[in-house]
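Report on the following structure.
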Amino acid sequence: MTPSDVAARIQHTNVRPQATQADIEQLLAECVTHGFDGAMVAPIWVPTAVDGLAGTGVKVCTAFDYPMGGDTTASVVNAVAAAIDAGADEVDVMTKIGWLKGGMHAEYRDHLAAIADAAGEAPVKAMLEVALLKSTEVATAVDLCVDAGIRYVKNSSGYGGGDASPEIIRRLADRAAGRTGVKASGGIKTLDAAIALLEAGAGLLGASGSVDIVTRGRGDGEY
């Protein structure tokens with residue numbers, strides 16, 4: 001697997017609160033230069049990303065309700081719909097971890113289903129935060145995401161612990177069994193690590209040190 005192959009699976013990320021327009025424009029330029037799959041930006045930067053990536057084939061991605069996952073379904077649905085209207089191609093969203101752990105499985109699923117419906121044809125990726133879950137809860141979360149129409153399950157938001165490892169990604173991929181994709185995120189620092197995650201079953205990678213990863217440096221980004 002070549003660096004270019006890996007780059008084509010990376011969603012290059014800058015969701016830092018201190019990110020400036022210049023920072024986002026640099027992210028977009030790096031996406032085009034290195035052939036990354038998508039640019040992951042905070043919702044306020046979606047219009048900038050849409051304009052900056054027009055005609056390049058790089059996807060505009062954004063994320064909601066992380067890291068706490070405390071927003072109401074209505075607020076997340078409205079925000080997702082607005083982002084799609086603004087030109088976002090894909091959405092990552094935090095799951096309701098407390099609902100899952102407390103046995104509120106229908107509520108957990110219905111929340112995600114409402115978001116998937118609001119996103120329409122745009123893929124929704126659900127952040128499971130597996131570091132906070134028991135193995136049985138991880139399995140249940142994957143099944144509920146499938147039922148809700150989620151297109152990818154994601155091991156972590158990058159902020160809740162549980163950095164991506166081949167073991168974690170393999171467990172998600174085995175449970176998903178082709179019913180939904182897997183996105184790996186958190187702690188991806190090197191090309192070898194990225195390849196190992198893809199070989200374990202990840203279809204996408206989320207990283208902020210993406211340039212160093214594909215140029216065989218060490219990606220010391222926060223995400």
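Quick note on naming: the chains in the structure tokens go A, B, ... in the order shown, residues restart at 1 in each chain, and ligands are numbered from 1 in order of appearance.
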
- request: Identify, with DSSP run on backbone atoms, the residues in segment 3-165 of chain A assigned to alpha helix (DSSP H), and express the list as a PyMOL selection string.
  value: chain A and resi 3-7+21-34+46-53+73-86+97-101+105-119+135-148

message: I'd like the contact shell of segment 79-95 of chain A - 8 Å cut-off, only C-alpha atoms, skipping same-chain residues fewer than 5 positions apart - returned as a ChimeraX atom specification.
response: /A:43,46-47,50,59-69,108,112,115,118-119,122-128,157

query: Using only C-alpha atoms, which of the listed residues (A:Ala173, A:Leu191, A:Leu198, A:Ile24) sits closest to Val211 of chain A?
result: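 Using only C-alpha atoms, the shortest distance to Val211 of chain A belongs to A:Leu191.
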
Need to verify the contact set: Gly181 of chain A, 8 Å, only C-alpha atoms, exclusion of same-chain residues closer than 2 positions in sequence. Can you return it as a tab-separated table (two decimals) with N, CA and C atoms, in the first residue's frame?
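Written output follows (selection_15.tsv):
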chain	number	residue	atom	x	y	z
A	151	ARG	N	-23.66	5.13	8.06
A	151	ARG	CA	-22.80	4.59	6.99
A	151	ARG	C	-21.43	4.15	7.48
A	152	TYR	N	-20.95	4.74	8.59
A	152	TYR	CA	-19.67	4.34	9.18
A	152	TYR	C	-19.79	4.41	10.69
A	153	VAL	N	-19.16	3.46	11.37
A	153	VAL	CA	-18.95	3.58	12.81
A	153	VAL	C	-17.49	3.96	13.02
A	173	ALA	N	-14.92	-3.91	12.68
A	173	ALA	CA	-15.16	-4.43	11.33
A	173	ALA	C	-15.79	-5.81	11.37
A	176	ALA	N	-19.42	-5.27	12.32
A	176	ALA	CA	-20.16	-4.63	11.22
A	176	ALA	C	-20.41	-5.62	10.09
A	178	GLY	N	-19.60	-5.90	7.10
A	178	GLY	CA	-19.99	-5.34	5.82
A	178	GLY	C	-21.29	-4.57	5.82
A	179	ARG	N	-21.99	-4.53	6.95
A	179	ARG	CA	-23.27	-3.82	7.00
A	179	ARG	C	-23.08	-2.32	7.08
A	183	LYS	N	-14.53	3.81	10.38
A	183	LYS	CA	-13.56	4.90	10.32
A	183	LYS	C	-12.69	4.85	11.57
A	202	ALA	N	-10.44	-0.75	8.46
A	202	ALA	CA	-10.90	0.63	8.33
A	202	ALA	C	-11.05	1.00	6.86
A	203	GLY	N	-12.12	1.70	6.56
A	203	GLY	CA	-12.31	2.22	5.21
A	203	GLY	C	-11.84	3.65	5.09

task: Based on DSSP run over this structure's backbone, return all residues of segment 2-208 of chain A in strand (DSSP E or B), as a VMD selection string.
output: chain A and resid 10 to 14 38 to 41 59 to 64 90 to 94 124 to 127 152 to 154 181 to 185 204 to 207

Would you mind exporting the chosen residues as an mmCIF file, in the first residue's frame, restricted to C-alpha atoms?
data_model
loop_
_atom_site.group_PDB
_atom_site.id
_atom_site.type_symbol
_atom_site.label_atom_id
_atom_site.label_comp_id
_atom_site.auth_asym_id
_atom_site.auth_seq_id
_atom_site.Cartn_x
_atom_site.Cartn_y
_atom_site.Cartn_z
ATOM 1 C CA ILE A 10 -7.598 10.089 5.030
ATOM 2 C CA GLN A 11 -10.026 12.784 6.120
ATOM 3 C CA HIS A 12 -7.558 15.547 6.956
ATOM 4 C CA THR A 13 -8.770 17.249 10.114
ATOM 5 C CA ASN A 14 -8.622 20.627 11.799
ATOM 6 C CA GLY A 38 -11.783 14.849 2.577
ATOM 7 C CA ALA A 39 -11.286 17.926 4.727
ATOM 8 C CA MET A 40 -12.840 17.679 8.191
ATOM 9 C CA VAL A 41 -13.654 21.128 9.550
ATOM 10 C CA LYS A 59 -15.029 16.004 0.140
ATOM 11 C CA VAL A 60 -16.192 18.603 2.645
ATOM 12 C CA CYS A 61 -16.748 16.917 6.009
ATOM 13 C CA THR A 62 -17.935 18.324 9.310
ATOM 14 C CA ALA A 63 -18.858 17.056 12.771
ATOM 15 C CA PHE A 64 -21.476 17.724 15.435
ATOM 16 C CA GLU A 90 -20.318 14.009 4.922
ATOM 17 C CA VAL A 91 -21.126 14.334 8.628
ATOM 18 C CA ASP A 92 -19.607 12.810 11.753
ATOM 19 C CA VAL A 93 -21.756 12.847 14.881
ATOM 20 C CA MET A 94 -21.312 11.883 18.517
ATOM 21 C CA VAL A 124 -23.191 9.890 8.474
ATOM 22 C CA LYS A 125 -20.384 8.505 10.645
ATOM 23 C CA ALA A 126 -21.163 7.742 14.294
ATOM 24 C CA MET A 127 -18.512 8.287 16.972
ATOM 25 C CA TYR A 152 -19.673 4.344 9.177
ATOM 26 C CA VAL A 153 -18.947 3.578 12.805
ATOM 27 C CA LYS A 154 -15.964 5.402 14.257
ATOM 28 C CA GLY A 181 -18.090 0.933 7.163
ATOM 29 C CA VAL A 182 -15.469 1.672 9.803
ATOM 30 C CA LYS A 183 -13.558 4.899 10.321
ATOM 31 C CA ALA A 184 -10.429 4.900 12.493
ATOM 32 C CA SER A 185 -9.415 8.038 14.356
ATOM 33 C CA LEU A 204 -11.447 5.755 6.288
ATOM 34 C CA LEU A 205 -8.949 7.398 8.621
ATOM 35 C CA GLY A 206 -9.303 10.656 10.522
ATOM 36 C CA ALA A 207 -6.062 12.474 11.312
#

- request: For segment 166-171 of chain A, list every protein, DNA or RNA residue within 6 Å, evaluated using only C-alpha atoms, and leave out those in the same chain fewer than 4 positions away; present the list as number ranges by chain.
  value: A: 197, 200-201

Export of prior selection with N, CA and C atoms as a PDB file, in the first residue's frame:
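Once written, part_1.pdb looks like this:
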ATOM      1  N   LEU A 197      -4.117   0.010  10.257  1.00  0.00           N
ATOM      2  CA  LEU A 197      -5.539   0.240  10.520  1.00  0.00           C
ATOM      3  C   LEU A 197      -6.380  -0.079   9.293  1.00  0.00           C
ATOM      4  N   ALA A 200      -6.660  -3.715   8.966  1.00  0.00           N
ATOM      5  CA  ALA A 200      -7.527  -4.292  10.000  1.00  0.00           C
ATOM      6  C   ALA A 200      -9.002  -4.125   9.669  1.00  0.00           C
ATOM      7  N   GLY A 201      -9.318  -3.304   8.665  1.00  0.00           N
ATOM      8  CA  GLY A 201     -10.707  -3.170   8.252  1.00  0.00           C
ATOM      9  C   GLY A 201     -11.247  -1.762   8.171  1.00  0.00           C
TER      10      GLY A 201
END

Among listed residues A:Gly52, A:Gly162, A:Gly187, A:Gly103, nearest Leu27 of chain A (using only C-alpha atoms):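 Counting only C-alpha atoms, the residue closest to Leu27 of chain A is A:Gly52.
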
- line: note - atom CA of Thr56 of chain A and atom CA of Gly158 of chain A are separated by 26.8 Å

- request: Please provide the set of residues having any atom within 9 Å of Thr48 of chain A, restricted to only C-alpha atoms, with same-chain residues fewer than 3 positions apart removed, written as a PyMOL selection string.
  value: chain A and resi 21+24-25+44-45+51-53
